[in-house]
Protein chains: 2
Amino acid sequence: MLIHELSVSQCERLLERNQLARLACALSDQPYIVPISFTFAPQENCLYGFASVGQKIEWMRSNPKVCITVDEIIDRFHWTTVVVIGRYEEIAPQDVTARRRAQHLLQRRPQWWLPAAAESADEPQGGAVFFRIHIGDVTGRRAGSPDDPSATPHV
Amino acid sequence: MLIHELSVSQCERLLERNQLARLACALSDQPYIVPISFTFAPQENCLYGFASVGQKIEWMRSNPKVCITVDEIIDRFHWTTVVVIGRYEEIAPQDVTARRRAQHLLQRRPQWWLPAAAESADEPQGGAVFFRIHIGDVTGRRAGSPDDPSATPHV
């Protein structure tokens, strides 16, 4: 199996057509991973998302360095994965313009994975925040043969 | 949608029947996520894995604190996710007993996702290492109705 590096524009196209990501944050060098829904805003070179107030938000308020991965997996021989190194910025409730922009972008598509919006039966949590992830670096890899059309269905 | 916390034994059963995880490591509070193949060893309360020598291995040698997530996603209303907070321990090449144990466990099942074993066409990397992740804490959540059998196909 060969793995090929993606160009930045190939990475961006993958970010544009997906909305489920894994986000890692860290505090005192302890990493933590959570799934998030996001929308890519290419003009601003950032990802918009929202989440319930909890450990990950507290950690990102303390340390805004994050890593996000988005995958498209067909099978073990044909997959694409993009890694974003970025910086968390919370959108303040009083920043009405930015909140409207976030809501507009996030509502453009069905929100596939929204644990942030779900109420836990065992541990109810209140409140959700909008945020941006400013993209500092983006890289991607694709596995599969370049001669096999099934290896590159979207790229 | 309701989200339910899993018991430790429910988390362990999910770890036993899966072999693809996302692992986050961190250096200087910058997190980084990579996919890994793993095998759960319940008797030792650890996960075995292997990876090519690269950034993630260098980072975990410097800072052994890691986070691992394993998901089972049916659809947006029915999913289960387990989060492990753990500690990385590399298995030295000269530790023959531990390496054999790791190889034995990892070879018991088809290795679904092995970017570690693939050679990059653009950036060849040599060498792979076996490692253990000692489980410090494991938590899990399941979304779906308890009355809906499709919500809990395996748990």
# chains A, B, ... in the order shown; residues from 1 in each chain; ligands from 1
>>> residues_around(residues="region 90-102 of chain B", least_positions_apart="2", cutoff="9 Å", atoms="only C-alpha atoms", output="VMD selection string")
chain B and resid 39 48 to 50 57 60 to 61 88 104 to 107 129 to 133
>>> residues_around(residues="Glu12 (chain A)", least_positions_apart="3", cutoff="12 Å", atoms="only C-alpha atoms", output="ChimeraX atom specification")
/A:6-9,15-18,39-43,45-47,70,81-84,135,137-140,154-155
>>> write_last_selection(atoms="C-alpha atoms", output="mmCIF file, in the first residue's frame")
data_model
loop_
_atom_site.group_PDB
_atom_site.id
_atom_site.type_symbol
_atom_site.label_atom_id
_atom_site.label_comp_id
_atom_site.auth_asym_id
_atom_site.auth_seq_id
_atom_site.Cartn_x
_atom_site.Cartn_y
_atom_site.Cartn_z
ATOM 1 C CA LEU A 6 -2.244 15.709 -0.317
ATOM 2 C CA SER A 7 -1.875 19.273 -1.524
ATOM 3 C CA VAL A 8 -3.356 22.065 0.578
ATOM 4 C CA SER A 9 -6.224 22.485 -1.895
ATOM 5 C CA LEU A 15 -12.714 19.824 4.860
ATOM 6 C CA GLU A 16 -15.447 21.438 2.748
ATOM 7 C CA ARG A 17 -17.364 18.215 2.192
ATOM 8 C CA ASN A 18 -17.203 16.867 5.744
ATOM 9 C CA THR A 39 -18.024 23.787 9.041
ATOM 10 C CA PHE A 40 -15.007 24.946 7.070
ATOM 11 C CA ALA A 41 -14.929 28.646 6.154
ATOM 12 C CA PRO A 42 -12.245 28.842 3.449
ATOM 13 C CA GLN A 43 -12.382 32.632 3.125
ATOM 14 C CA ASN A 45 -9.158 29.844 6.801
ATOM 15 C CA CYS A 46 -10.902 28.551 9.884
ATOM 16 C CA LEU A 47 -13.361 25.944 11.095
ATOM 17 C CA VAL A 70 -11.085 14.486 9.428
ATOM 18 C CA THR A 81 -7.076 11.674 6.404
ATOM 19 C CA VAL A 82 -6.441 15.366 6.996
ATOM 20 C CA VAL A 83 -4.756 16.825 10.081
ATOM 21 C CA VAL A 84 -5.181 20.468 11.086
ATOM 22 C CA ILE A 135 -5.946 26.877 10.785
ATOM 23 C CA ASP A 137 -1.131 24.124 9.298
ATOM 24 C CA VAL A 138 -2.999 21.510 7.283
ATOM 25 C CA THR A 139 -1.632 18.242 5.920
ATOM 26 C CA GLY A 140 -3.272 15.181 4.434
ATOM 27 C CA HIS A 154 -13.654 12.565 -4.066
ATOM 28 C CA VAL A 155 -10.138 13.967 -4.329
#
>>> calpha_fit_and_write(fixed="chain A", moving="chain B", output="short mmCIF file (atom, residue, chain, number, x, y, z; two decimals) with N, CA and C atoms, in the first residue's frame")
data_model
loop_
_atom_site.label_atom_id
_atom_site.label_comp_id
_atom_site.auth_asym_id
_atom_site.auth_seq_id
_atom_site.Cartn_x
_atom_site.Cartn_y
_atom_site.Cartn_z
N MET B 1 0.83 -1.21 -0.06
CA MET B 1 -0.01 -0.01 -0.02
C MET B 1 0.89 1.23 0.00
N LEU B 2 0.55 2.17 -0.86
CA LEU B 2 1.30 3.42 -0.90
C LEU B 2 0.47 4.54 -0.27
N ILE B 3 1.16 5.44 0.37
CA ILE B 3 0.49 6.60 0.96
C ILE B 3 1.02 7.86 0.29
N HIS B 4 0.11 8.69 -0.18
CA HIS B 4 0.49 9.91 -0.88
C HIS B 4 0.12 11.13 -0.06
N GLU B 5 0.98 12.13 -0.09
CA GLU B 5 0.67 13.38 0.58
C GLU B 5 -0.35 14.16 -0.27
N LEU B 6 -1.26 14.84 0.39
CA LEU B 6 -2.24 15.69 -0.31
C LEU B 6 -1.71 17.12 -0.40
N SER B 7 -2.14 17.82 -1.43
CA SER B 7 -1.86 19.25 -1.51
C SER B 7 -2.79 19.99 -0.55
N VAL B 8 -2.48 21.26 -0.29
CA VAL B 8 -3.34 22.05 0.59
C VAL B 8 -4.75 22.15 0.01
N SER B 9 -4.86 22.34 -1.30
CA SER B 9 -6.21 22.47 -1.89
C SER B 9 -6.98 21.15 -1.79
N GLN B 10 -6.31 20.03 -1.91
CA GLN B 10 -6.98 18.74 -1.72
C GLN B 10 -7.46 18.59 -0.27
N CYS B 11 -6.64 19.03 0.66
CA CYS B 11 -7.06 19.00 2.08
C CYS B 11 -8.29 19.88 2.27
N GLU B 12 -8.27 21.07 1.67
CA GLU B 12 -9.39 22.00 1.86
C GLU B 12 -10.69 21.44 1.28
N ARG B 13 -10.58 20.76 0.14
CA ARG B 13 -11.80 20.17 -0.44
C ARG B 13 -12.38 19.10 0.47
N LEU B 14 -11.49 18.34 1.10
CA LEU B 14 -11.99 17.32 2.05
C LEU B 14 -12.67 18.00 3.25
N LEU B 15 -12.08 19.08 3.74
CA LEU B 15 -12.71 19.81 4.86
C LEU B 15 -14.06 20.38 4.45
N GLU B 16 -14.17 20.82 3.20
CA GLU B 16 -15.43 21.43 2.75
C GLU B 16 -16.57 20.42 2.70
N ARG B 17 -16.28 19.17 2.38
CA ARG B 17 -17.36 18.20 2.18
C ARG B 17 -17.62 17.33 3.41
N ASN B 18 -16.97 17.62 4.52
CA ASN B 18 -17.19 16.86 5.75
C ASN B 18 -17.65 17.77 6.88
N GLN B 19 -18.23 17.15 7.89
CA GLN B 19 -18.69 17.95 9.04
C GLN B 19 -18.46 17.24 10.37
N LEU B 20 -17.85 16.06 10.34
CA LEU B 20 -17.51 15.36 11.58
C LEU B 20 -16.00 15.29 11.71
N ALA B 21 -15.49 15.72 12.86
CA ALA B 21 -14.05 15.71 13.08
C ALA B 21 -13.75 15.21 14.49
N ARG B 22 -12.54 14.81 14.71
CA ARG B 22 -12.04 14.58 16.07
C ARG B 22 -11.12 15.74 16.43
N LEU B 23 -11.36 16.30 17.58
CA LEU B 23 -10.55 17.43 18.06
C LEU B 23 -9.79 17.00 19.30
N ALA B 24 -8.49 17.29 19.32
CA ALA B 24 -7.68 17.04 20.51
C ALA B 24 -7.25 18.36 21.11
N CYS B 25 -7.45 18.49 22.42
CA CYS B 25 -6.92 19.62 23.18
C CYS B 25 -5.98 19.04 24.23
N ALA B 26 -5.30 19.91 24.96
CA ALA B 26 -4.34 19.42 25.95
C ALA B 26 -4.22 20.40 27.10
N LEU B 27 -4.01 19.86 28.28
CA LEU B 27 -3.74 20.69 29.46
C LEU B 27 -2.68 19.99 30.28
N SER B 28 -1.64 20.75 30.64
CA SER B 28 -0.50 20.17 31.37
C SER B 28 0.01 18.92 30.65
N ASP B 29 0.06 19.02 29.32
CA ASP B 29 0.56 17.96 28.45
C ASP B 29 -0.25 16.67 28.51
N GLN B 30 -1.48 16.74 29.06
CA GLN B 30 -2.41 15.60 28.96
C GLN B 30 -3.37 15.86 27.81
N PRO B 31 -3.27 15.11 26.72
CA PRO B 31 -4.21 15.32 25.61
C PRO B 31 -5.57 14.71 25.91
N TYR B 32 -6.58 15.19 25.17
CA TYR B 32 -7.96 14.71 25.31
C TYR B 32 -8.63 14.85 23.95
N ILE B 33 -9.39 13.82 23.52
CA ILE B 33 -10.02 13.82 22.19
C ILE B 33 -11.53 13.87 22.33
N VAL B 34 -12.16 14.68 21.52
CA VAL B 34 -13.63 14.70 21.48
C VAL B 34 -14.08 14.79 20.02
N PRO B 35 -15.25 14.21 19.69
CA PRO B 35 -15.81 14.42 18.35
C PRO B 35 -16.50 15.78 18.29
N ILE B 36 -16.42 16.43 17.16
CA ILE B 36 -17.12 17.70 16.99
C ILE B 36 -17.77 17.76 15.61
N SER B 37 -18.83 18.56 15.53
CA SER B 37 -19.36 18.98 14.24
C SER B 37 -18.68 20.29 13.86
N PHE B 38 -18.38 20.45 12.59
CA PHE B 38 -17.71 21.68 12.18
C PHE B 38 -18.16 22.06 10.78
N THR B 39 -17.88 23.30 10.42
CA THR B 39 -18.03 23.77 9.04
C THR B 39 -16.77 24.56 8.69
N PHE B 40 -16.21 24.24 7.53
CA PHE B 40 -15.00 24.93 7.07
C PHE B 40 -15.39 26.24 6.39
N ALA B 41 -14.71 27.31 6.76
CA ALA B 41 -14.92 28.62 6.14
C ALA B 41 -13.64 28.99 5.42
N PRO B 42 -13.53 28.64 4.12
CA PRO B 42 -12.25 28.82 3.43
C PRO B 42 -11.79 30.28 3.34
N GLN B 43 -12.78 31.19 3.23
CA GLN B 43 -12.39 32.60 3.11
C GLN B 43 -11.66 33.09 4.37
N GLU B 44 -12.04 32.50 5.50
CA GLU B 44 -11.42 32.92 6.77
C GLU B 44 -10.34 31.95 7.22
N ASN B 45 -10.13 30.87 6.45
CA ASN B 45 -9.16 29.84 6.80
C ASN B 45 -9.35 29.34 8.24
N CYS B 46 -10.61 29.05 8.54
CA CYS B 46 -10.90 28.55 9.88
C CYS B 46 -12.05 27.56 9.83
N LEU B 47 -12.23 26.84 10.91
CA LEU B 47 -13.36 25.93 11.09
C LEU B 47 -14.27 26.54 12.16
N TYR B 48 -15.57 26.49 11.91
CA TYR B 48 -16.53 26.90 12.93
C TYR B 48 -17.11 25.65 13.59
N GLY B 49 -17.36 25.73 14.90
CA GLY B 49 -17.99 24.62 15.58
C GLY B 49 -18.71 25.09 16.81
N PHE B 50 -19.41 24.16 17.45
CA PHE B 50 -19.92 24.49 18.76
C PHE B 50 -19.93 23.26 19.64
N ALA B 51 -19.96 23.51 20.96
CA ALA B 51 -19.84 22.41 21.91
C ALA B 51 -20.48 22.83 23.22
N SER B 52 -20.88 21.83 23.99
CA SER B 52 -21.40 22.15 25.32
C SER B 52 -20.24 22.55 26.22
N VAL B 53 -20.54 23.38 27.19
CA VAL B 53 -19.50 23.79 28.14
C VAL B 53 -19.13 22.56 28.98
N GLY B 54 -17.87 22.26 29.02
CA GLY B 54 -17.40 21.08 29.75
C GLY B 54 -15.89 21.09 29.74
N GLN B 55 -15.32 19.90 29.98
CA GLN B 55 -13.86 19.82 30.12
C GLN B 55 -13.12 20.38 28.91
N LYS B 56 -13.57 20.00 27.71
CA LYS B 56 -12.79 20.41 26.54
C LYS B 56 -12.79 21.93 26.37
N ILE B 57 -13.94 22.56 26.67
CA ILE B 57 -13.99 24.02 26.55
C ILE B 57 -13.10 24.67 27.61
N GLU B 58 -13.15 24.16 28.82
CA GLU B 58 -12.29 24.70 29.89
C GLU B 58 -10.81 24.57 29.49
N TRP B 59 -10.47 23.40 28.94
CA TRP B 59 -9.08 23.18 28.56
C TRP B 59 -8.66 24.12 27.43
N MET B 60 -9.53 24.31 26.43
CA MET B 60 -9.15 25.17 25.30
C MET B 60 -9.13 26.64 25.70
N ARG B 61 -9.91 27.01 26.72
CA ARG B 61 -9.79 28.39 27.23
C ARG B 61 -8.42 28.60 27.88
N SER B 62 -7.91 27.54 28.52
CA SER B 62 -6.60 27.64 29.16
C SER B 62 -5.47 27.51 28.15
N ASN B 63 -5.67 26.63 27.17
CA ASN B 63 -4.62 26.36 26.17
C ASN B 63 -5.27 26.23 24.80
N PRO B 64 -5.17 27.26 23.96
CA PRO B 64 -5.90 27.24 22.68
C PRO B 64 -5.27 26.37 21.59
N LYS B 65 -4.16 25.70 21.87
CA LYS B 65 -3.55 24.85 20.83
C LYS B 65 -4.38 23.57 20.66
N VAL B 66 -4.81 23.31 19.42
CA VAL B 66 -5.62 22.11 19.16
C VAL B 66 -5.11 21.39 17.92
N CYS B 67 -5.57 20.16 17.78
CA CYS B 67 -5.33 19.37 16.57
C CYS B 67 -6.67 18.77 16.16
N ILE B 68 -6.97 18.79 14.88
CA ILE B 68 -8.23 18.25 14.37
C ILE B 68 -7.93 17.29 13.24
N THR B 69 -8.62 16.14 13.23
CA THR B 69 -8.48 15.21 12.11
C THR B 69 -9.86 14.95 11.50
N VAL B 70 -9.86 14.81 10.19
CA VAL B 70 -11.06 14.47 9.44
C VAL B 70 -10.68 13.33 8.50
N ASP B 71 -11.50 12.27 8.50
CA ASP B 71 -11.17 11.08 7.71
C ASP B 71 -12.25 10.76 6.71
N GLU B 72 -11.85 10.16 5.60
CA GLU B 72 -12.79 9.48 4.68
C GLU B 72 -12.23 8.09 4.47
N ILE B 73 -12.94 7.10 5.00
CA ILE B 73 -12.43 5.73 4.98
C ILE B 73 -13.37 4.87 4.14
N ILE B 74 -12.83 4.32 3.07
CA ILE B 74 -13.61 3.38 2.26
C ILE B 74 -13.34 1.96 2.75
N ASP B 75 -12.09 1.59 2.83
CA ASP B 75 -11.70 0.32 3.42
C ASP B 75 -10.25 0.47 3.84
N ARG B 76 -9.65 -0.64 4.27
CA ARG B 76 -8.32 -0.50 4.86
C ARG B 76 -7.25 -0.11 3.85
N PHE B 77 -7.56 -0.26 2.57
CA PHE B 77 -6.57 0.09 1.56
C PHE B 77 -6.84 1.46 0.93
N HIS B 78 -8.01 2.00 1.17
CA HIS B 78 -8.40 3.25 0.51
C HIS B 78 -8.97 4.20 1.54
N TRP B 79 -8.16 5.13 1.97
CA TRP B 79 -8.62 6.08 2.97
C TRP B 79 -7.86 7.39 2.78
N THR B 80 -8.46 8.45 3.28
CA THR B 80 -7.85 9.78 3.24
C THR B 80 -8.01 10.40 4.61
N THR B 81 -6.99 11.03 5.10
CA THR B 81 -7.07 11.67 6.41
C THR B 81 -6.36 13.02 6.35
N VAL B 82 -6.99 14.00 6.96
CA VAL B 82 -6.43 15.35 7.00
C VAL B 82 -6.22 15.76 8.46
N VAL B 83 -5.09 16.37 8.73
CA VAL B 83 -4.75 16.82 10.09
C VAL B 83 -4.56 18.34 10.07
N VAL B 84 -5.27 19.00 10.96
CA VAL B 84 -5.17 20.46 11.09
C VAL B 84 -4.55 20.78 12.44
N ILE B 85 -3.51 21.60 12.42
CA ILE B 85 -2.98 22.17 13.66
C ILE B 85 -3.54 23.59 13.73
N GLY B 86 -4.22 23.91 14.83
CA GLY B 86 -4.90 25.19 14.86
C GLY B 86 -4.97 25.81 16.24
N ARG B 87 -5.68 26.92 16.28
CA ARG B 87 -5.81 27.69 17.52
C ARG B 87 -7.28 27.99 17.78
N TYR B 88 -7.70 27.66 18.99
CA TYR B 88 -9.10 27.85 19.42
C TYR B 88 -9.37 29.31 19.75
N GLU B 89 -10.51 29.80 19.25
CA GLU B 89 -10.97 31.13 19.64
C GLU B 89 -12.46 31.04 19.95
N GLU B 90 -12.85 31.34 21.16
CA GLU B 90 -14.26 31.28 21.53
C GLU B 90 -14.98 32.54 21.06
N ILE B 91 -16.19 32.36 20.58
CA ILE B 91 -16.98 33.50 20.13
C ILE B 91 -17.85 33.96 21.30
N ALA B 92 -17.61 35.15 21.77
CA ALA B 92 -18.31 35.66 22.96
C ALA B 92 -19.80 35.85 22.67
N PRO B 93 -20.67 35.60 23.67
CA PRO B 93 -22.11 35.77 23.46
C PRO B 93 -22.47 37.17 22.97
N GLN B 94 -21.71 38.17 23.39
CA GLN B 94 -22.03 39.54 23.01
C GLN B 94 -21.52 39.90 21.60
N ASP B 95 -20.73 39.02 21.01
CA ASP B 95 -20.24 39.27 19.64
C ASP B 95 -21.31 38.76 18.68
N VAL B 96 -22.35 39.58 18.50
CA VAL B 96 -23.54 39.14 17.76
C VAL B 96 -23.20 38.82 16.30
N THR B 97 -22.38 39.65 15.70
CA THR B 97 -22.04 39.43 14.29
C THR B 97 -21.35 38.08 14.08
N ALA B 98 -20.38 37.80 14.91
CA ALA B 98 -19.65 36.53 14.76
C ALA B 98 -20.55 35.34 15.09
N ARG B 99 -21.43 35.48 16.07
CA ARG B 99 -22.34 34.37 16.41
C ARG B 99 -23.30 34.09 15.25
N ARG B 100 -23.80 35.17 14.64
CA ARG B 100 -24.71 34.97 13.49
C ARG B 100 -23.97 34.28 12.34
N ARG B 101 -22.74 34.69 12.13
CA ARG B 101 -21.93 34.06 11.08
C ARG B 101 -21.75 32.56 11.39
N ALA B 102 -21.43 32.25 12.63
CA ALA B 102 -21.24 30.85 13.03
C ALA B 102 -22.54 30.07 12.84
N GLN B 103 -23.65 30.62 13.31
CA GLN B 103 -24.94 29.93 13.18
C GLN B 103 -25.29 29.71 11.72
N HIS B 104 -25.08 30.74 10.90
CA HIS B 104 -25.38 30.64 9.48
C HIS B 104 -24.58 29.51 8.83
N LEU B 105 -23.30 29.47 9.12
CA LEU B 105 -22.45 28.44 8.50
C LEU B 105 -22.81 27.05 9.00
N LEU B 106 -23.07 26.92 10.30
CA LEU B 106 -23.34 25.60 10.86
C LEU B 106 -24.72 25.08 10.46
N GLN B 107 -25.64 26.00 10.15
CA GLN B 107 -27.00 25.58 9.79
C GLN B 107 -27.15 25.27 8.30
N ARG B 108 -26.09 25.49 7.54
CA ARG B 108 -26.19 25.26 6.09
C ARG B 108 -26.36 23.78 5.76
N ARG B 109 -25.99 22.93 6.67
CA ARG B 109 -26.01 21.50 6.37
C ARG B 109 -26.58 20.74 7.57
N PRO B 110 -27.12 19.54 7.33
CA PRO B 110 -27.60 18.76 8.46
C PRO B 110 -26.46 18.48 9.42
N GLN B 111 -26.76 18.64 10.68
CA GLN B 111 -25.69 18.49 11.67
C GLN B 111 -25.61 17.04 12.10
N TRP B 112 -24.57 16.41 11.58
CA TRP B 112 -24.50 14.97 11.62
C TRP B 112 -24.28 14.43 13.03
N TRP B 113 -23.40 15.04 13.74
CA TRP B 113 -22.95 14.49 15.02
C TRP B 113 -22.98 15.61 16.02
N LEU B 114 -23.93 15.56 16.90
CA LEU B 114 -24.08 16.69 17.81
C LEU B 114 -24.17 16.27 19.26
N PRO B 115 -23.17 15.59 19.78
CA PRO B 115 -23.23 15.30 21.21
C PRO B 115 -23.31 16.57 22.04
N ALA B 116 -22.79 17.66 21.47
CA ALA B 116 -22.83 18.93 22.20
C ALA B 116 -24.25 19.37 22.45
N ALA B 117 -25.14 19.01 21.53
CA ALA B 117 -26.52 19.48 21.65
C ALA B 117 -27.40 18.48 22.40
N ALA B 118 -26.86 17.33 22.69
CA ALA B 118 -27.66 16.30 23.36
C ALA B 118 -27.57 16.49 24.87
N GLU B 119 -28.64 16.13 25.51
CA GLU B 119 -28.63 16.20 26.97
C GLU B 119 -28.29 14.83 27.52
N SER B 120 -27.30 14.78 28.38
CA SER B 120 -26.92 13.52 28.98
C SER B 120 -27.95 13.12 30.02
N ALA B 121 -28.37 11.85 29.94
CA ALA B 121 -29.35 11.37 30.92
C ALA B 121 -28.70 11.23 32.30
N ASP B 122 -27.39 10.98 32.31
CA ASP B 122 -26.73 10.72 33.58
C ASP B 122 -26.07 11.97 34.16
N GLU B 123 -25.71 12.88 33.29
CA GLU B 123 -24.97 14.05 33.76
C GLU B 123 -25.37 15.26 32.91
N PRO B 124 -26.52 15.83 33.18
CA PRO B 124 -26.97 16.94 32.36
C PRO B 124 -25.97 18.11 32.41
N GLN B 125 -25.79 18.72 31.25
CA GLN B 125 -24.90 19.87 31.17
C GLN B 125 -25.65 21.00 30.50
N GLY B 126 -25.43 22.19 30.95
CA GLY B 126 -26.12 23.33 30.37
C GLY B 126 -25.16 24.22 29.63
N GLY B 127 -25.67 24.85 28.58
CA GLY B 127 -24.90 25.86 27.89
C GLY B 127 -24.02 25.30 26.82
N ALA B 128 -23.96 26.04 25.71
CA ALA B 128 -23.08 25.65 24.61
C ALA B 128 -22.41 26.91 24.10
N VAL B 129 -21.25 26.74 23.51
CA VAL B 129 -20.51 27.89 23.00
C VAL B 129 -20.16 27.66 21.53
N PHE B 130 -20.13 28.75 20.79
CA PHE B 130 -19.61 28.73 19.43
C PHE B 130 -18.12 29.04 19.49
N PHE B 131 -17.39 28.44 18.55
CA PHE B 131 -15.95 28.74 18.50
C PHE B 131 -15.44 28.65 17.07
N ARG B 132 -14.28 29.25 16.87
CA ARG B 132 -13.54 29.11 15.61
C ARG B 132 -12.23 28.40 15.90
N ILE B 133 -11.77 27.59 14.95
CA ILE B 133 -10.42 27.05 14.99
C ILE B 133 -9.66 27.69 13.82
N HIS B 134 -8.71 28.54 14.14
CA HIS B 134 -7.89 29.17 13.09
C HIS B 134 -6.85 28.16 12.63
N ILE B 135 -6.82 27.90 11.33
CA ILE B 135 -5.94 26.86 10.79
C ILE B 135 -4.52 27.41 10.67
N GLY B 136 -3.60 26.76 11.37
CA GLY B 136 -2.19 27.15 11.27
C GLY B 136 -1.46 26.30 10.24
N ASP B 137 -1.80 25.02 10.21
CA ASP B 137 -1.13 24.09 9.30
C ASP B 137 -2.11 22.99 8.94
N VAL B 138 -2.11 22.59 7.70
CA VAL B 138 -2.99 21.49 7.29
C VAL B 138 -2.20 20.54 6.41
N THR B 139 -2.29 19.25 6.73
CA THR B 139 -1.62 18.22 5.94
C THR B 139 -2.60 17.07 5.74
N GLY B 140 -2.36 16.29 4.70
CA GLY B 140 -3.26 15.16 4.45
C GLY B 140 -2.53 14.04 3.76
N ARG B 141 -3.08 12.84 3.93
CA ARG B 141 -2.50 11.66 3.30
C ARG B 141 -3.62 10.82 2.72
N ARG B 142 -3.30 10.16 1.63
CA ARG B 142 -4.27 9.28 0.99
C ARG B 142 -3.60 7.95 0.71
N ALA B 143 -4.28 6.88 1.06
CA ALA B 143 -3.77 5.54 0.75
C ALA B 143 -4.53 4.98 -0.43
N GLY B 144 -3.84 4.28 -1.28
CA GLY B 144 -4.49 3.65 -2.42
C GLY B 144 -3.68 3.88 -3.67
N SER B 145 -4.01 3.11 -4.69
CA SER B 145 -3.30 3.22 -5.95
C SER B 145 -3.84 4.39 -6.75
N PRO B 146 -2.97 5.19 -7.34
CA PRO B 146 -3.45 6.30 -8.18
C PRO B 146 -4.17 5.82 -9.42
N ASP B 147 -3.96 4.54 -9.80
CA ASP B 147 -4.63 4.00 -10.99
C ASP B 147 -6.02 3.45 -10.68
N ASP B 148 -6.34 3.37 -9.39
CA ASP B 148 -7.61 2.77 -8.98
C ASP B 148 -8.61 3.90 -8.68
N PRO B 149 -9.63 4.05 -9.52
CA PRO B 149 -10.57 5.16 -9.30
C PRO B 149 -11.24 5.10 -7.94
N SER B 150 -11.42 3.89 -7.39
CA SER B 150 -12.09 3.79 -6.10
C SER B 150 -11.24 4.36 -4.98
N ALA B 151 -9.95 4.54 -5.26
CA ALA B 151 -9.07 5.08 -4.22
C ALA B 151 -9.26 6.57 -4.06
N THR B 152 -9.76 7.21 -5.09
CA THR B 152 -9.84 8.67 -5.05
C THR B 152 -11.22 9.13 -5.51
N PRO B 153 -12.25 8.77 -4.75
CA PRO B 153 -13.61 9.07 -5.22
C PRO B 153 -13.94 10.55 -5.16
N HIS B 154 -13.26 11.28 -4.31
CA HIS B 154 -13.65 12.67 -4.09
C HIS B 154 -12.50 13.64 -4.32
N VAL B 155 -11.29 13.14 -4.40
CA VAL B 155 -10.14 14.05 -4.34
C VAL B 155 -9.72 14.48 -5.73
#
>>> select_by_dssp(residues="region 4-150 of chain B", states="alpha helix (DSSP H)", output="PyMOL selection string")
chain B and resi 8-16+55-62+96-106
